$ cat target-v1.cif   # mmCIF, C-alpha atoms and all ligand atoms
data_protein
loop_
_atom_site.label_atom_id
_atom_site.label_comp_id
_atom_site.auth_asym_id
_atom_site.auth_seq_id
_atom_site.Cartn_x
_atom_site.Cartn_y
_atom_site.Cartn_z
CA MET H 688 78.24 -106.12 -3.44
CA GLU H 689 77.03 -107.16 -6.86
CA LYS H 690 75.43 -103.77 -7.31
CA THR H 691 78.72 -101.95 -6.87
CA MET H 692 80.69 -104.00 -9.44
CA ASN H 693 80.70 -102.77 -13.00
CA TRP H 694 80.96 -106.13 -14.73
CA ASN H 695 81.47 -104.60 -18.15
CA GLU H 696 84.57 -102.71 -17.12
CA LEU H 697 86.54 -105.63 -15.75
CA GLY H 698 90.01 -106.17 -17.17
CA PHE H 699 92.69 -108.55 -15.97
CA ASN H 700 93.65 -106.76 -12.77
CA TYR H 701 94.18 -107.76 -9.17
CA ILE H 702 91.07 -107.15 -7.13
CA LYS H 703 91.07 -108.06 -3.47
CA THR H 704 88.10 -110.37 -3.00
CA PRO H 705 87.09 -111.08 0.61
CA TRP H 706 88.31 -114.66 1.02
CA ARG H 707 91.37 -116.77 0.18
CA PHE H 708 92.48 -120.21 1.39
CA LEU H 709 95.83 -120.71 3.12
CA VAL H 710 97.49 -123.90 4.33
CA LYS H 711 101.00 -124.60 5.59
CA TRP H 712 103.24 -127.63 5.09
CA GLN H 713 105.20 -128.04 8.29
CA ASP H 714 106.90 -130.92 10.12
CA GLY H 715 106.58 -133.03 6.99
CA ALA H 716 102.82 -132.71 6.52
CA TRP H 717 100.04 -130.41 5.39
CA GLN H 718 98.50 -128.75 8.44
CA PRO H 719 94.79 -127.85 8.66
CA GLY H 720 94.06 -124.99 6.25
CA ALA H 721 91.46 -122.26 6.43
CA LEU H 722 89.83 -119.41 4.60
CA THR H 723 91.16 -116.03 5.64
CA GLN H 724 90.41 -112.39 4.89
CA ASP H 725 94.06 -111.36 5.17
CA ASN H 726 95.65 -110.91 1.71
CA GLN H 727 99.18 -110.35 3.09
CA LEU H 728 101.67 -113.19 3.48
CA THR H 729 104.26 -112.87 6.22
CA ILE H 730 107.25 -115.06 5.41
CA SER H 731 110.92 -115.38 6.35
CA GLU H 732 113.32 -113.14 4.47
CA ALA H 733 115.29 -116.33 3.80
CA SER H 734 112.39 -118.09 2.02
CA THR H 735 113.57 -120.16 -0.96
CA ALA H 736 110.68 -118.82 -3.07
CA LEU H 737 112.30 -115.36 -2.86
CA HIS H 738 115.91 -116.35 -3.54
CA TYR H 739 115.95 -119.55 -5.53
CA GLY H 740 112.64 -119.46 -7.32
CA GLN H 741 111.19 -122.43 -5.44
CA GLN H 742 107.60 -121.63 -6.31
CA CYS H 743 104.94 -122.63 -8.81
CA PHE H 744 101.38 -121.62 -9.58
CA GLU H 745 98.25 -122.41 -11.53
CA GLY H 746 95.51 -120.44 -13.26
CA LEU H 747 91.92 -121.54 -13.81
CA LYS H 748 88.49 -119.98 -13.94
CA ALA H 749 84.98 -120.30 -12.53
CA TYR H 750 82.13 -119.65 -14.98
CA ARG H 751 78.58 -118.51 -14.17
CA ARG H 752 76.00 -120.69 -15.90
CA LYS H 753 72.70 -119.49 -17.34
CA ASP H 754 70.86 -121.18 -14.44
CA GLY H 755 72.91 -119.15 -11.95
CA GLY H 756 75.18 -122.00 -10.89
CA VAL H 757 78.96 -121.97 -11.15
CA ASN H 758 81.25 -124.27 -13.19
CA LEU H 759 84.91 -125.08 -12.78
CA PHE H 760 86.66 -126.27 -15.94
CA ARG H 761 88.87 -129.37 -15.54
CA PRO H 762 90.35 -128.35 -12.15
CA GLN H 763 91.74 -131.87 -11.72
CA GLU H 764 94.11 -131.09 -14.59
CA ASN H 765 95.38 -128.01 -12.78
CA SER H 766 95.94 -130.12 -9.67
CA ARG H 767 97.92 -132.68 -11.66
CA ARG H 768 100.00 -129.97 -13.35
CA LEU H 769 100.74 -128.18 -10.05
CA ASN H 770 102.05 -131.46 -8.69
CA ASN H 771 104.28 -131.97 -11.74
CA SER H 772 105.70 -128.50 -11.12
CA ALA H 773 106.10 -129.30 -7.41
CA LYS H 774 107.98 -132.53 -8.17
CA ARG H 775 110.41 -130.81 -10.56
CA LEU H 776 111.17 -128.08 -8.00
CA TYR H 777 111.48 -130.59 -5.18
CA MET H 778 108.45 -129.32 -3.29
CA PRO H 779 105.77 -131.38 -1.50
CA GLU H 780 102.77 -132.24 -3.68
CA VAL H 781 99.36 -130.85 -2.82
CA PRO H 782 96.91 -133.78 -2.64
CA GLU H 783 94.17 -133.45 -5.27
CA GLU H 784 91.52 -133.51 -2.56
CA LEU H 785 93.15 -130.56 -0.78
CA PHE H 786 93.57 -128.66 -4.06
CA LEU H 787 89.94 -129.15 -5.12
CA SER H 788 88.63 -128.40 -1.64
CA ALA H 789 90.65 -125.15 -1.47
CA VAL H 790 89.50 -124.03 -4.93
CA THR H 791 85.86 -124.90 -4.23
CA GLN H 792 85.84 -123.16 -0.85
CA VAL H 793 87.36 -120.00 -2.33
CA VAL H 794 84.83 -119.87 -5.17
CA LYS H 795 81.90 -120.43 -2.82
CA ALA H 796 83.12 -117.87 -0.28
CA ASN H 797 83.53 -115.25 -3.04
CA GLU H 798 80.50 -116.26 -5.07
CA ALA H 799 79.19 -112.71 -5.27
CA TYR H 800 82.27 -111.93 -7.35
CA VAL H 801 81.59 -114.52 -10.05
CA PRO H 802 80.48 -112.27 -12.94
CA PRO H 803 76.95 -112.79 -14.30
CA TYR H 804 76.25 -115.12 -17.21
CA GLY H 805 76.39 -113.21 -20.48
CA SER H 806 78.82 -110.54 -19.26
CA GLY H 807 81.74 -112.56 -20.67
CA GLY H 808 83.48 -112.19 -17.32
CA THR H 809 84.77 -115.04 -15.16
CA LEU H 810 86.30 -115.56 -11.74
CA TYR H 811 90.03 -116.10 -12.22
CA ILE H 812 91.53 -118.44 -9.63
CA ARG H 813 95.22 -118.42 -8.74
CA PRO H 814 96.64 -121.34 -6.71
CA LEU H 815 100.20 -120.69 -5.52
CA LEU H 816 102.76 -122.98 -3.85
CA ILE H 817 105.90 -121.40 -2.34
CA GLY H 818 108.88 -122.52 -0.32
CA VAL H 819 109.18 -120.56 2.95
CA GLY H 820 111.12 -120.63 6.22
CA ASP H 821 114.70 -119.93 7.22
CA MET H 822 116.97 -121.43 4.56
CA ILE H 823 119.82 -119.55 2.97
CA GLY H 824 121.61 -122.58 1.49
CA VAL H 825 120.55 -123.78 -1.94
CA GLN H 826 118.28 -126.49 -0.63
CA ALA H 827 114.60 -127.28 -0.49
CA ALA H 828 112.65 -125.13 1.96
CA PRO H 829 111.79 -126.45 5.41
CA GLU H 830 108.19 -125.24 5.05
CA TYR H 831 105.70 -124.45 2.28
CA LEU H 832 102.60 -122.35 1.83
CA PHE H 833 99.80 -123.26 -0.51
CA THR H 834 97.28 -120.50 -1.09
CA VAL H 835 94.36 -120.00 -3.47
CA PHE H 836 92.92 -116.57 -4.19
CA CYS H 837 90.62 -115.25 -6.89
CA MET H 838 89.34 -112.15 -8.65
CA PRO H 839 86.72 -111.33 -11.26
CA VAL H 840 88.18 -110.70 -14.72
CA GLY H 841 86.66 -109.45 -17.94
CA PRO H 842 86.64 -111.20 -21.31
CA TYR H 843 90.02 -110.91 -23.04
CA PHE H 844 88.42 -109.66 -26.25
CA LYS H 845 85.52 -107.34 -25.58
CA GLY H 846 84.22 -107.01 -29.15
CA GLY H 847 84.74 -110.58 -30.37
CA LEU H 848 87.93 -112.40 -31.32
CA THR H 849 90.44 -110.04 -32.89
CA PRO H 850 93.72 -111.18 -34.45
CA THR H 851 96.96 -109.61 -33.26
CA ASN H 852 100.52 -109.87 -34.51
CA PHE H 853 103.56 -111.52 -32.93
CA ILE H 854 107.32 -111.37 -33.43
CA VAL H 855 109.78 -114.23 -33.09
CA SER H 856 112.15 -113.61 -30.19
CA GLU H 857 115.87 -114.26 -30.14
CA TYR H 858 115.65 -115.05 -26.44
CA ASP H 859 114.72 -118.43 -24.99
CA ARG H 860 112.16 -118.69 -22.23
CA ALA H 861 113.44 -122.04 -20.97
CA ALA H 862 116.29 -124.51 -21.46
CA PRO H 863 115.73 -127.74 -23.45
CA MET H 864 115.41 -129.98 -20.40
CA GLY H 865 114.90 -127.17 -17.90
CA THR H 866 111.68 -125.81 -16.48
CA GLY H 867 109.73 -124.93 -19.64
CA ALA H 868 107.16 -127.66 -19.08
CA ILE H 869 106.23 -126.56 -15.57
CA LYS H 870 104.35 -123.48 -14.44
CA VAL H 871 106.98 -121.59 -12.49
CA GLY H 872 107.63 -117.91 -11.90
CA GLY H 873 111.19 -118.11 -13.24
CA ASN H 874 109.94 -118.76 -16.77
CA TYR H 875 107.80 -115.66 -16.51
CA ALA H 876 110.63 -113.51 -15.12
CA ALA H 877 112.69 -114.57 -18.16
CA SER H 878 109.85 -113.54 -20.48
CA LEU H 879 109.34 -109.99 -19.18
CA LEU H 880 112.12 -108.30 -21.16
CA PRO H 881 111.46 -110.16 -24.45
CA GLY H 882 107.76 -109.34 -24.04
CA LYS H 883 108.48 -105.67 -23.45
CA GLU H 884 110.77 -105.50 -26.49
CA ALA H 885 108.07 -107.11 -28.65
CA LYS H 886 105.48 -104.59 -27.41
CA GLU H 887 107.83 -101.69 -28.15
CA LYS H 888 107.80 -102.87 -31.76
CA ASN H 889 104.00 -102.91 -31.71
CA PHE H 890 103.54 -106.65 -31.44
CA SER H 891 101.26 -108.28 -28.86
CA ASP H 892 104.04 -110.47 -27.56
CA CYS H 893 106.84 -112.67 -28.81
CA ILE H 894 107.04 -116.19 -30.12
CA TYR H 895 109.67 -118.46 -28.62
CA LEU H 896 111.43 -121.04 -30.76
CA ASP H 897 112.76 -124.33 -29.43
CA PRO H 898 115.88 -123.58 -27.38
CA GLN H 899 117.88 -126.42 -28.97
CA THR H 900 117.74 -125.52 -32.69
CA HIS H 901 115.75 -122.28 -32.90
CA THR H 902 113.84 -123.63 -35.88
CA LYS H 903 110.50 -124.67 -34.37
CA ILE H 904 107.72 -122.73 -32.64
CA GLU H 905 107.33 -123.49 -28.94
CA GLU H 906 105.20 -120.86 -27.20
CA VAL H 907 103.36 -117.65 -28.07
CA GLY H 908 104.08 -115.35 -25.14
CA SER H 909 102.65 -117.38 -22.26
CA ALA H 910 100.25 -119.36 -24.41
CA ASN H 911 100.50 -122.45 -26.63
CA PHE H 912 100.47 -122.30 -30.43
CA PHE H 913 98.12 -124.06 -32.83
CA GLY H 914 97.65 -123.84 -36.58
CA ILE H 915 94.95 -125.05 -38.96
CA THR H 916 96.12 -126.44 -42.31
CA LYS H 917 94.46 -126.38 -45.72
CA GLU H 918 93.83 -130.10 -45.23
CA ASN H 919 91.76 -129.37 -42.09
CA GLN H 920 94.39 -130.49 -39.63
CA PHE H 921 94.77 -129.00 -36.17
CA VAL H 922 98.53 -128.86 -35.57
CA THR H 923 100.28 -127.97 -32.33
CA PRO H 924 103.95 -128.30 -31.36
CA SER H 925 105.23 -130.98 -29.04
CA SER H 926 108.41 -130.47 -27.03
CA PRO H 927 109.75 -131.14 -23.53
CA SER H 928 110.07 -127.37 -22.95
CA ILE H 929 106.47 -126.35 -23.74
CA LEU H 930 104.03 -125.83 -20.90
CA PRO H 931 101.21 -128.34 -21.44
CA SER H 932 98.21 -126.03 -21.78
CA ILE H 933 94.92 -127.47 -20.57
CA THR H 934 93.15 -125.22 -23.07
CA LYS H 935 95.32 -126.67 -25.86
CA TYR H 936 94.56 -130.28 -24.93
CA SER H 937 90.88 -129.41 -24.69
CA LEU H 938 90.99 -127.85 -28.17
CA LEU H 939 92.82 -130.91 -29.53
CA TYR H 940 90.01 -133.10 -28.22
CA LEU H 941 87.25 -130.86 -29.56
CA ALA H 942 88.96 -130.40 -32.93
CA LYS H 943 89.04 -134.16 -33.37
CA ASN H 944 85.82 -135.29 -31.72
CA ARG H 945 83.44 -132.43 -32.40
CA LEU H 946 84.79 -130.63 -35.48
CA GLY H 947 86.12 -133.71 -37.25
CA LEU H 948 89.61 -132.31 -37.83
CA GLU H 949 92.70 -134.46 -37.94
CA THR H 950 94.92 -133.56 -34.99
CA ILE H 951 98.69 -133.57 -34.98
CA GLU H 952 101.14 -132.86 -32.16
CA GLY H 953 104.49 -132.45 -33.86
CA ASP H 954 107.15 -130.08 -35.11
CA VAL H 955 106.04 -126.64 -36.31
CA TYR H 956 108.92 -125.21 -38.31
CA ILE H 957 109.11 -121.44 -38.38
CA ASP H 958 110.17 -121.67 -42.04
CA ASP H 959 107.01 -123.57 -42.97
CA LEU H 960 104.18 -121.26 -41.92
CA ASP H 961 102.61 -121.43 -45.39
CA ARG H 962 101.01 -124.74 -44.44
CA PHE H 963 98.61 -122.92 -42.10
CA THR H 964 95.44 -121.12 -43.16
CA GLU H 965 94.73 -120.04 -39.57
CA ALA H 966 96.78 -119.80 -36.39
CA GLY H 967 96.13 -118.98 -32.78
CA ALA H 968 97.49 -118.83 -29.25
CA CYS H 969 95.59 -120.60 -26.49
CA GLY H 970 95.46 -120.48 -22.72
CA THR H 971 93.03 -119.98 -19.86
CA ALA H 972 93.22 -116.17 -19.83
CA ALA H 973 92.13 -115.50 -23.44
CA VAL H 974 90.94 -119.02 -24.39
CA ILE H 975 92.08 -118.30 -27.98
CA SER H 976 93.92 -115.27 -29.39
CA PRO H 977 93.84 -115.48 -33.16
CA ILE H 978 97.25 -114.75 -34.69
CA GLY H 979 97.04 -112.25 -37.53
CA GLY H 980 100.67 -112.45 -38.58
CA ILE H 981 104.14 -113.44 -37.42
CA GLN H 982 107.29 -111.40 -37.97
CA TYR H 983 110.34 -113.63 -38.38
CA LYS H 984 113.59 -111.86 -39.23
CA ASP H 985 112.76 -109.73 -42.30
CA THR H 986 109.52 -111.40 -43.31
CA PHE H 987 106.00 -110.87 -42.04
CA HIS H 988 103.76 -113.88 -42.55
CA VAL H 989 100.00 -113.31 -42.51
CA PHE H 990 97.68 -116.24 -41.81
CA TYR H 991 93.91 -115.90 -42.36
CA SER H 992 93.69 -112.13 -42.04
CA GLU H 993 95.21 -109.39 -39.94
CA THR H 994 91.76 -108.12 -38.97
CA GLU H 995 89.35 -111.05 -39.02
CA VAL H 996 89.26 -114.33 -37.15
CA GLY H 997 89.21 -117.49 -39.30
CA PRO H 998 86.16 -119.78 -39.32
CA VAL H 999 87.78 -122.85 -37.74
CA THR H 1000 89.32 -120.78 -34.94
CA GLN H 1001 85.94 -119.19 -34.27
CA LYS H 1002 84.21 -122.61 -34.17
CA LEU H 1003 86.78 -124.01 -31.76
CA TYR H 1004 86.38 -120.97 -29.53
CA ASP H 1005 82.57 -121.16 -29.53
CA GLU H 1006 82.60 -124.86 -28.71
CA LEU H 1007 85.03 -124.54 -25.81
CA VAL H 1008 83.49 -121.42 -24.31
CA GLY H 1009 80.01 -122.96 -24.68
CA ILE H 1010 81.19 -125.96 -22.68
CA GLN H 1011 82.84 -123.83 -20.01
CA PHE H 1012 79.69 -121.77 -19.39
CA GLY H 1013 77.48 -124.88 -19.46
CA ASP H 1014 75.62 -124.09 -22.70
CA ILE H 1015 77.09 -127.03 -24.64
CA GLU H 1016 77.34 -130.57 -23.35
CA ALA H 1017 80.79 -131.24 -21.93
CA PRO H 1018 82.92 -134.35 -22.41
CA GLU H 1019 82.88 -136.51 -19.29
CA ASP H 1020 84.58 -135.00 -16.22
CA TRP H 1021 85.36 -131.64 -17.81
CA ILE H 1022 83.01 -129.65 -15.61
CA LEU H 1023 82.92 -129.59 -11.83
CA GLN H 1024 79.78 -127.82 -10.64
CA VAL H 1025 80.48 -125.74 -7.55
CA ASN H 1026 76.91 -124.57 -7.21
C1 LIG F 1 99.67 -121.33 -18.14
C2 LIG F 1 100.43 -121.35 -19.42
C3 LIG F 1 99.83 -121.69 -20.64
C4 LIG F 1 98.36 -121.96 -20.79
O1 LIG F 1 97.92 -123.07 -20.06
P1 LIG F 1 96.37 -123.24 -19.79
O2 LIG F 1 96.30 -124.46 -18.94
O3 LIG F 1 95.70 -123.42 -21.08
O4 LIG F 1 95.92 -122.00 -19.09
C5 LIG F 1 100.64 -121.74 -21.77
N1 LIG F 1 101.96 -121.43 -21.73
C6 LIG F 1 102.55 -121.09 -20.56
C7 LIG F 1 104.00 -120.77 -20.57
C8 LIG F 1 101.82 -121.04 -19.37
O5 LIG F 1 102.42 -120.69 -18.25
#
$ encode --input "target-v1.cif" --output "structure tokens"
Amino acid sequence: MEKTMNWNELGFNYIKTPWRFLVKWQDGAWQPGALTQDNQLTISEASTALHYGQQCFEGLKAYRRKDGGVNLFRPQENSRRLNNSAKRLYMPEVPEELFLSAVTQVVKANEAYVPPYGSGGTLYIRPLLIGVGDMIGVQAAPEYLFTVFCMPVGPYFKGGLTPTNFIVSEYDRAAPMGTGAIKVGGNYAASLLPGKEAKEKNFSDCIYLDPQTHTKIEEVGSANFFGITKENQFVTPSSPSILPSITKYSLLYLAKNRLGLETIEGDVYIDDLDRFTEAGACGTAAVISPIGGIQYKDTFHVFYSETEVGPVTQKLYDELVGIQFGDIEAPEDWILQVN
């Protein structure tokens, strides 16, 4: 198997790996789950996930270490976040033990698909919780499926971190006290058209402002925003409609405890971008995407450079990626060794 994969040509595409984990919630309890080779789900046409968006998901990665073993990065945080999403959408929670067992089993069963150390590739893991069963009324589903599947993905930036440009959207991705803070498909459905319109104008994606006042940055596409100030502060927005990025909270910790920056979670006004010498978007998929510039109405604001990553952003990236691949000592409980 490993011989037939071209690790250097991996993008972010669905690849059917041999094994996935599937478990059903039925009669008020999680039933015994199992690994399966079947990548098709057969569900009722009246499933609430299809009609009423009763579904949520997670995204995390497995990393091949230099010694050949495999690391998971803070999977307990993904478990906690999935359960916050489940609560908000009135779905049963997935016990942490079940979540971690499912993820671990899937990684082990597909271990040949974890890209080699040094290739920059990782195994992307997608846990998914959906409401299923016969239910046409707007109510919680009678049954649920929790599944975890995975696929090898390439590094987001093949030739090193490269800044890209973003444009502020006039659309909102979520309501002020709606579902912005949970990882649900509906937020993504709402972001497809704004994202396409941004790309048509040659931007990587759009920036969403806070839905209440449209004056503060909330999200960068489907990633969190951070900026570095002249005073060496790491600043990231706080709001009840931002998805709490595990990457962002990890960077906050590293900025403070390893790079000695002051860290601030607070308002990031779109009219006050001059305070930042560097800016970036962060999330599991890319880790960090440096932001070259932001188009807001008629002005284009450039941060560090449109072509080069800033030094603090690069340091943060190197520290986090070093920890994920096991080359740099991790803070306690950040790494779960699968192998
Ligand atoms: C998943 C996600 C992120 C990134 O979260 P990570 O835990 O860092 O992967 C950011 N914003 C949105 C909207 C997301 O769905």
$ closest_atom_pairs --input "target-v1.cif" --of "chain H" --to "ligand LIG 1 (chain F)" --cutoff "10 Å" --atoms "all atoms listed in the file" --output "JSON lines"
{"residue": "H:Cys743", "atom": "CA", "partner": "F:LIG1", "partner_atom": "O5", "distance": 10.0}
{"residue": "H:Phe744", "atom": "CA", "partner": "F:LIG1", "partner_atom": "C1", "distance": 8.7}
{"residue": "H:Glu745", "atom": "CA", "partner": "F:LIG1", "partner_atom": "C1", "distance": 6.8}
{"residue": "H:Gly746", "atom": "CA", "partner": "F:LIG1", "partner_atom": "O4", "distance": 6.0}
{"residue": "H:Leu747", "atom": "CA", "partner": "F:LIG1", "partner_atom": "O4", "distance": 6.6}
{"residue": "H:Lys748", "atom": "CA", "partner": "F:LIG1", "partner_atom": "O4", "distance": 9.3}
{"residue": "H:Arg761", "atom": "CA", "partner": "F:LIG1", "partner_atom": "O2", "distance": 9.5}
{"residue": "H:Pro762", "atom": "CA", "partner": "F:LIG1", "partner_atom": "O2", "distance": 9.8}
{"residue": "H:Glu764", "atom": "CA", "partner": "F:LIG1", "partner_atom": "O2", "distance": 8.2}
{"residue": "H:Asn765", "atom": "CA", "partner": "F:LIG1", "partner_atom": "O2", "distance": 7.2}
{"residue": "H:Arg768", "atom": "CA", "partner": "F:LIG1", "partner_atom": "O2", "distance": 8.7}
{"residue": "H:Arg860", "atom": "CA", "partner": "F:LIG1", "partner_atom": "C7", "distance": 8.6}
{"residue": "H:Ala861", "atom": "CA", "partner": "F:LIG1", "partner_atom": "C7", "distance": 9.5}
{"residue": "H:Gly867", "atom": "CA", "partner": "F:LIG1", "partner_atom": "C7", "distance": 7.1}
{"residue": "H:Ala868", "atom": "CA", "partner": "F:LIG1", "partner_atom": "C7", "distance": 7.7}
{"residue": "H:Ile869", "atom": "CA", "partner": "F:LIG1", "partner_atom": "O5", "distance": 7.5}
{"residue": "H:Lys870", "atom": "CA", "partner": "F:LIG1", "partner_atom": "O5", "distance": 5.1}
{"residue": "H:Val871", "atom": "CA", "partner": "F:LIG1", "partner_atom": "O5", "distance": 7.4}
{"residue": "H:Gly872", "atom": "CA", "partner": "F:LIG1", "partner_atom": "O5", "distance": 8.7}
{"residue": "H:Asn874", "atom": "CA", "partner": "F:LIG1", "partner_atom": "C7", "distance": 7.3}
{"residue": "H:Tyr875", "atom": "CA", "partner": "F:LIG1", "partner_atom": "C7", "distance": 7.6}
{"residue": "H:Ser878", "atom": "CA", "partner": "F:LIG1", "partner_atom": "C7", "distance": 9.3}
{"residue": "H:Glu905", "atom": "CA", "partner": "F:LIG1", "partner_atom": "N1", "distance": 9.2}
{"residue": "H:Glu906", "atom": "CA", "partner": "F:LIG1", "partner_atom": "N1", "distance": 6.4}
{"residue": "H:Val907", "atom": "CA", "partner": "F:LIG1", "partner_atom": "N1", "distance": 7.5}
{"residue": "H:Gly908", "atom": "CA", "partner": "F:LIG1", "partner_atom": "C7", "distance": 7.1}
{"residue": "H:Ser909", "atom": "CA", "partner": "F:LIG1", "partner_atom": "C7", "distance": 4.0}
{"residue": "H:Ala910", "atom": "CA", "partner": "F:LIG1", "partner_atom": "C5", "distance": 3.6}
{"residue": "H:Asn911", "atom": "CA", "partner": "F:LIG1", "partner_atom": "C5", "distance": 4.9}
{"residue": "H:Phe912", "atom": "CA", "partner": "F:LIG1", "partner_atom": "C5", "distance": 8.7}
{"residue": "H:Ser928", "atom": "CA", "partner": "F:LIG1", "partner_atom": "C7", "distance": 9.3}
{"residue": "H:Ile929", "atom": "CA", "partner": "F:LIG1", "partner_atom": "C7", "distance": 6.9}
{"residue": "H:Leu930", "atom": "CA", "partner": "F:LIG1", "partner_atom": "N1", "distance": 4.9}
{"residue": "H:Pro931", "atom": "CA", "partner": "F:LIG1", "partner_atom": "O1", "distance": 6.4}
{"residue": "H:Ser932", "atom": "CA", "partner": "F:LIG1", "partner_atom": "O1", "distance": 3.4}
{"residue": "H:Ile933", "atom": "CA", "partner": "F:LIG1", "partner_atom": "O2", "distance": 3.7}
{"residue": "H:Thr934", "atom": "CA", "partner": "F:LIG1", "partner_atom": "O3", "distance": 3.7}
{"residue": "H:Lys935", "atom": "CA", "partner": "F:LIG1", "partner_atom": "O3", "distance": 5.8}
{"residue": "H:Tyr936", "atom": "CA", "partner": "F:LIG1", "partner_atom": "O3", "distance": 7.9}
{"residue": "H:Ser937", "atom": "CA", "partner": "F:LIG1", "partner_atom": "O3", "distance": 8.5}
{"residue": "H:Leu938", "atom": "CA", "partner": "F:LIG1", "partner_atom": "O3", "distance": 9.6}
{"residue": "H:Ala968", "atom": "CA", "partner": "F:LIG1", "partner_atom": "C5", "distance": 8.6}
{"residue": "H:Cys969", "atom": "CA", "partner": "F:LIG1", "partner_atom": "O3", "distance": 6.1}
{"residue": "H:Gly970", "atom": "CA", "partner": "F:LIG1", "partner_atom": "O3", "distance": 3.4}
{"residue": "H:Thr971", "atom": "CA", "partner": "F:LIG1", "partner_atom": "O4", "distance": 3.6}
{"residue": "H:Ala972", "atom": "CA", "partner": "F:LIG1", "partner_atom": "O4", "distance": 6.5}
{"residue": "H:Ala973", "atom": "CA", "partner": "F:LIG1", "partner_atom": "O4", "distance": 8.7}
{"residue": "H:Val974", "atom": "CA", "partner": "F:LIG1", "partner_atom": "O3", "distance": 7.3}
{"residue": "H:Ile975", "atom": "CA", "partner": "F:LIG1", "partner_atom": "O3", "distance": 9.3}
$ residues_around --input "target-v1.cif" --residues "region 822-830 of chain H" --least-positions-apart "6" --cutoff "7 Å" --atoms "all atoms listed in the file" --output "ChimeraX atom specification"
/H:712-713,733-735,777
$ closest_residue --input "target-v1.cif" --among "H:Asn852, H:Ser891, H:Ser731, H:Asn797" --to "Gly980 (chain H)" --atoms "only C-alpha atoms"
H:Asn852
$ closest_residue --input "target-v1.cif" --among "H:Leu737, H:Leu946, H:Leu787, H:Val801" --to "Gly755 (chain H)" --atoms "all atoms listed in the file"
H:Val801
$ closest_residue --input "target-v1.cif" --among "H:Pro705, H:His901, H:Thr723, H:Gly841" --to "Ala799 (chain H)" --atoms "all atoms listed in the file"
H:Pro705
$ closest_residue --input "target-v1.cif" --among "H:Asp714, H:Asp1005, H:Glu1019, H:Glu784" --to "Phe760 (chain H)" --atoms "all atoms listed in the file"
H:Glu1019
$ residues_around --input "target-v1.cif" --residues "Ala796 (chain H)" --least-positions-apart "6" --cutoff "9 Å" --atoms "all atoms listed in the file" --output "ChimeraX atom specification"
/H:705-707,722
$ residues_around --input "target-v1.cif" --residues "Phe921 (chain H)" --least-positions-apart "4" --cutoff "9 Å" --atoms "all atoms listed in the file" --output "PDB file with C-alpha atoms, in the frame of the given file"
ATOM      1  CA  PHE H 913      98.120-124.060 -32.830  1.00  0.00           C
ATOM      2  CA  GLY H 914      97.650-123.840 -36.580  1.00  0.00           C
ATOM      3  CA  ILE H 915      94.950-125.050 -38.960  1.00  0.00           C
ATOM      4  CA  THR H 916      96.120-126.440 -42.310  1.00  0.00           C
ATOM      5  CA  LEU H 938      90.990-127.850 -28.170  1.00  0.00           C
ATOM      6  CA  LEU H 939      92.820-130.910 -29.530  1.00  0.00           C
ATOM      7  CA  ALA H 942      88.960-130.400 -32.930  1.00  0.00           C
ATOM      8  CA  LYS H 943      89.040-134.160 -33.370  1.00  0.00           C
ATOM      9  CA  LEU H 948      89.610-132.310 -37.830  1.00  0.00           C
ATOM     10  CA  GLU H 949      92.700-134.460 -37.940  1.00  0.00           C
ATOM     11  CA  THR H 950      94.920-133.560 -34.990  1.00  0.00           C
ATOM     12  CA  ILE H 951      98.690-133.570 -34.980  1.00  0.00           C
ATOM     13  CA  GLU H 952     101.140-132.860 -32.160  1.00  0.00           C
TER      14      GLU H 952
END
$ closest_residue --input "target-v1.cif" --among "H:Glu887, H:Glu857, H:Asp1020, H:Tyr940" --to "Tyr983 (chain H)" --atoms "all atoms listed in the file"
H:Glu857
$ atom_distance --input "target-v1.cif" --atom1 "CA of Gly846 (chain H)" --atom2 "CA of Lys1002 (chain H)"
16.4 Å
$ atom_distance --input "target-v1.cif" --atom1 "CA of Asn700 (chain H)" --atom2 "CA of Leu810 (chain H)"
11.5 Å
$ atom_distance --input "target-v1.cif" --atom1 "CA of Gln718 (chain H)" --atom2 "CA of Glu798 (chain H)"
25.7 Å
$ axis_aligned_box --input "target-v1.cif" --around "region 807-821 of chain H" --padding-each-side "4 Å" --output "lines of an AutoDock Vina configuration file"
center_x = 98.2
center_y = -117.6
center_z = -6.7
size_x = 41.0
size_y = 18.8
size_z = 35.9
$ closest_residue --input "target-v1.cif" --among "H:Gln741, H:Thr809, H:Asn726, H:Thr834" --to "Leu709 (chain H)" --atoms "all atoms listed in the file"
H:Thr834
$ residues_near_point --input "target-v1.cif" --point "(73.7, -124.3, -19.1)" --cutoff "6 Å" --atoms "all atoms listed in the file" --output "PyMOL selection string"
chain H and resi 752-753+1013-1014
$ residues_near_point --input "target-v1.cif" --point "(100.8, -130.0, -3.0)" --cutoff "10 Å" --atoms "all atoms listed in the file" --output "CSV table (one decimal) with C-alpha atoms, keeping the file's coordinate frame"
chain,number,residue,atom,x,y,z
H,712,TRP,CA,103.2,-127.6,5.1
H,717,TRP,CA,100.0,-130.4,5.4
H,766,SER,CA,95.9,-130.1,-9.7
H,767,ARG,CA,97.9,-132.7,-11.7
H,769,LEU,CA,100.7,-128.2,-10.0
H,770,ASN,CA,102.0,-131.5,-8.7
H,771,ASN,CA,104.3,-132.0,-11.7
H,772,SER,CA,105.7,-128.5,-11.1
H,773,ALA,CA,106.1,-129.3,-7.4
H,774,LYS,CA,108.0,-132.5,-8.2
H,778,MET,CA,108.4,-129.3,-3.3
H,779,PRO,CA,105.8,-131.4,-1.5
H,780,GLU,CA,102.8,-132.2,-3.7
H,781,VAL,CA,99.4,-130.8,-2.8
H,782,PRO,CA,96.9,-133.8,-2.6
H,783,GLU,CA,94.2,-133.4,-5.3
H,784,GLU,CA,91.5,-133.5,-2.6
H,785,LEU,CA,93.2,-130.6,-0.8
H,786,PHE,CA,93.6,-128.7,-4.1
H,815,LEU,CA,100.2,-120.7,-5.5
H,816,LEU,CA,102.8,-123.0,-3.8
H,831,TYR,CA,105.7,-124.4,2.3
H,832,LEU,CA,102.6,-122.4,1.8
H,833,PHE,CA,99.8,-123.3,-0.5
